[in-house]
Amino acid sequence: MIHRRDAMIRLGQLGFGGLTLPTLLAGQQAIASNGGATASADACIYIFLWGGAPQQDMFDMKPDAPQGIRSLFAPIASKVPGISVSDQLPLFAKQTDKVAIVRSLTHGSNNHEPSVYHMLTGRQNPTLVSPRNQRKRSEFPFIGSVLSHFSKPGALPATITLPRPIGHDGVTYAGTYAGFLGPRHDPLEKMAANRSAEPELHPTTPQPDLNEMRLIGRNGLLNVLEKMDHRLQTRPHLDLNEIRGQAMQMVTSPAARRAFDLNAEPPHVRDRYGRNEYGEAMLLSRRLVEAGVKMVSMFWMYVSPIDGKVYNVWDNHGATAGLGGVNGYAMLKEKYCLPPLDQGLSALLEDLSERGMLDRTMVAVAGEFGRTPKINPTVGRDHWGMVQSAVFAGGGVKGGQVFGSSDAIAAYPKEQPVSPDDFLATIYHAMGLPPDTEIPDREGRPYRICEGKPITQLF
């Protein structure tokens with residue numbers, strides 16, 4: 001006799017790839033009893049500048065710093081008196097009345113892997129190294145997966161990753177999925193990590209040989225199998241019929257399909273965001289939160305046409321062969337760094353505001369670390385965990401402000417240091433989850449979702 005678990009796994013594998021959407025939805029329905037805090041934000045868009053963006057060249061200009069440290073870019077006034085940003089961000093400068101710039105985000109690691117993990121989970125794991133840091137189920141969950149744990153199921157998953165998770169050399173980075181919360185809370189990934197052996201998680205598009213009618217037919221067959229096996233009802237605390245129904249809805253729902261259809265947007269809107277991977281990912285992020293997704297994480301990267309490899313292009317050491325060997329400052333001015341960020345982020349903030357969505361949608365922008373004060377011999381900057389700048393907007397955040405400060409050369413925090421734990425706690429706070437809210441690991445042991453303190457002064 002075929003058990004329900006077998007039948008559902010087969011439905012999931014045939015329709016969507018290795019992991020089942022019904023399993024995801026089961027976890028979304030099993031909401032923890034202590035997660036009932038009233039949220040001030042309905043959704044969050046987390047734009048992650050993988051590689052580590054240079055604070056001195058973007059949001060924390062130091063025009064009085066010595067030559068060799070001072071940015072080759074110039075500061076410009078923004079819409080808010082007293083707040084200046086890089087001259088490479090002229091469109092963003094017009095939106096500073098909507099944002100809070102944090103200039104004192106700090107931690108102690110200069111390595112990508114543990115820093116990414118820290119900024120995505122709020123936990124530290126200094127053992128992570130490149131490229132042997134494949135994500136594992138024993139690890140602490142990604143923030144989007146925690147939000148999924150406290151979310152009701154809908155036509156779309158609670159957390160979605162665009163355009164693909166962080167990864168290279170066959171490895172998908174730790175910290176980018178649900179870890180010990182299990183596959184049910186993994187983000188939907190539209191694409192797998194570049195050249196990864198691990199498939200994307202919970203794809204919404206059925207395989208080519210499985211059209212909607214065949215999928216519905218298999219759903220009917222599963223109903224028959226359930227009636228034949230009374231042992232399928234061994235988990236009365238979950239409505240498994242409803243869970244499978246939600247999985248079907250995710251694939252067959254016109255609303256879910258429409259959320260991913262950028263062709264539904266007017267041409268001038270697409271032009272405003274930018275017709276490139278970054279602008280389209282930010283526009284799609286807006287559409288997804290509009291459709292009910294709790295967290296959209298956009299991991300910024302670039303697949304080089306030179307060698308087909310993925311690059312964390314904010315890592316602007318300079319002289320990278322796969323990027324044409326240009327220097328670090330030339331990298332920042334390329335089509336994969338500051339120009340699309342300026343265009344896309346300013347469009348996102350403006351669009352959310354005009355639609356009346358900004359108050360209920362938090363936008364968070366950060367990377368895994370900042371860059372060295374000293375400009376290196378290849379006219380770039382190197383890894384620097386001790387300080388970086390981050391941006392918050394929406395979700396109750398008061399715009400037009402700067403929180404914290406760095407020293408005279410943007411090397412160390414000077415006032416109001418903020419840890420990655422505090423950064424994530426601020427997102428949780430906006431979403432109505434106190435940091436001491438607990439989640440269970442695979443053995444049922446409770447863990448606080450975050451050890452940091454939210455920056456309540458921003459709200």
# chains A, B, ... in the order shown; residues from 1 in each chain; ligands from 1

call {"tool": "closest_atom_pairs", "arguments": {"of": "region 348-401 of chain A", "to": "region 88-104 of chain A", "cutoff": "10 Å", "atoms": "only C-alpha atoms", "output": "Markdown table"}}
result
| residue | atom | partner | partner_atom | distance |
| --- | --- | --- | --- | --- |
| A:Leu349 | CA | A:Gln95 | CA | 7.1 |
| A:Glu350 | CA | A:Gln95 | CA | 7.3 |
| A:Ser353 | CA | A:Lys98 | CA | 8.6 |
| A:Leu358 | CA | A:Lys98 | CA | 8.8 |
| A:Val363 | CA | A:Val99 | CA | 8.9 |
| A:Ala364 | CA | A:Val99 | CA | 9.6 |
| A:Val365 | CA | A:Ile101 | CA | 9.5 |
| A:Ala366 | CA | A:Val102 | CA | 9.7 |
| A:Met386 | CA | A:Ser104 | CA | 8.7 |
| A:Val387 | CA | A:Ser104 | CA | 5.8 |
| A:Gln388 | CA | A:Ser104 | CA | 6.3 |
| A:Ser389 | CA | A:Arg103 | CA | 4.4 |
| A:Ala390 | CA | A:Val102 | CA | 5.0 |
| A:Val391 | CA | A:Ile101 | CA | 4.7 |
| A:Phe392 | CA | A:Ala100 | CA | 5.2 |
| A:Ala393 | CA | A:Val99 | CA | 4.5 |
| A:Gly394 | CA | A:Lys98 | CA | 7.2 |
| A:Val397 | CA | A:Ala100 | CA | 7.2 |
| A:Lys398 | CA | A:Ala100 | CA | 6.9 |
| A:Gly399 | CA | A:Lys98 | CA | 4.0 |
| A:Gly400 | CA | A:Asp97 | CA | 4.1 |
| A:Gln401 | CA | A:Ala100 | CA | 4.9 |

call {"tool": "select_by_dssp", "arguments": {"residues": "region 343-418 of chain A", "states": "strand (DSSP E or B)", "output": "list in words"}}
result
Thr361, Met362, Val363, Ala364, Val365, Ala366, Gly367, Gly370, Arg371, His383, Trp384, Gln388, Ser389, Ala390, Val391, Phe392, Ala393, Gln401, Val402, Phe403, Ser405, Ser406, Pro413, Lys414, Glu415 and Val418 of chain A

call {"tool": "atom_distance", "arguments": {"atom1": "CA of Ala430 (chain A)", "atom2": "CA of Ala174 (chain A)"}}
result
24.9 Å

call {"tool": "residues_around", "arguments": {"residues": "Asn110 (chain A)", "least_positions_apart": "5", "cutoff": "6 Å", "atoms": "only C-alpha atoms", "output": "MDAnalysis selection string"}}
result
chainID A and resid 383:385

call {"tool": "closest_residue", "arguments": {"among": "A:Gly108, A:Gly175, A:Pro305, A:Pro434", "to": "Leu120 (chain A)", "atoms": "only C-alpha atoms"}}
result
A:Gly175

call {"tool": "residues_around", "arguments": {"residues": "region 372-379 of chain A", "least_positions_apart": "6", "cutoff": "8 Å", "atoms": "only C-alpha atoms", "output": "list in words"}}
result
Pro54, Gln56, Gly68, Ile69, Arg70, His317, Gly318, Ala319, Asn327, Gly328, Tyr329, Ile409, Ala410 and Ala411 of chain A

call {"tool": "closest_residue", "arguments": {"among": "A:Arg258, A:Arg355, A:Lys335, A:Arg286", "to": "Gly274 (chain A)", "atoms": "only C-alpha atoms"}}
result
A:Lys335

call {"tool": "atom_distance", "arguments": {"atom1": "CA of Leu72 (chain A)", "atom2": "CA of Leu341 (chain A)"}}
result
18.5 Å
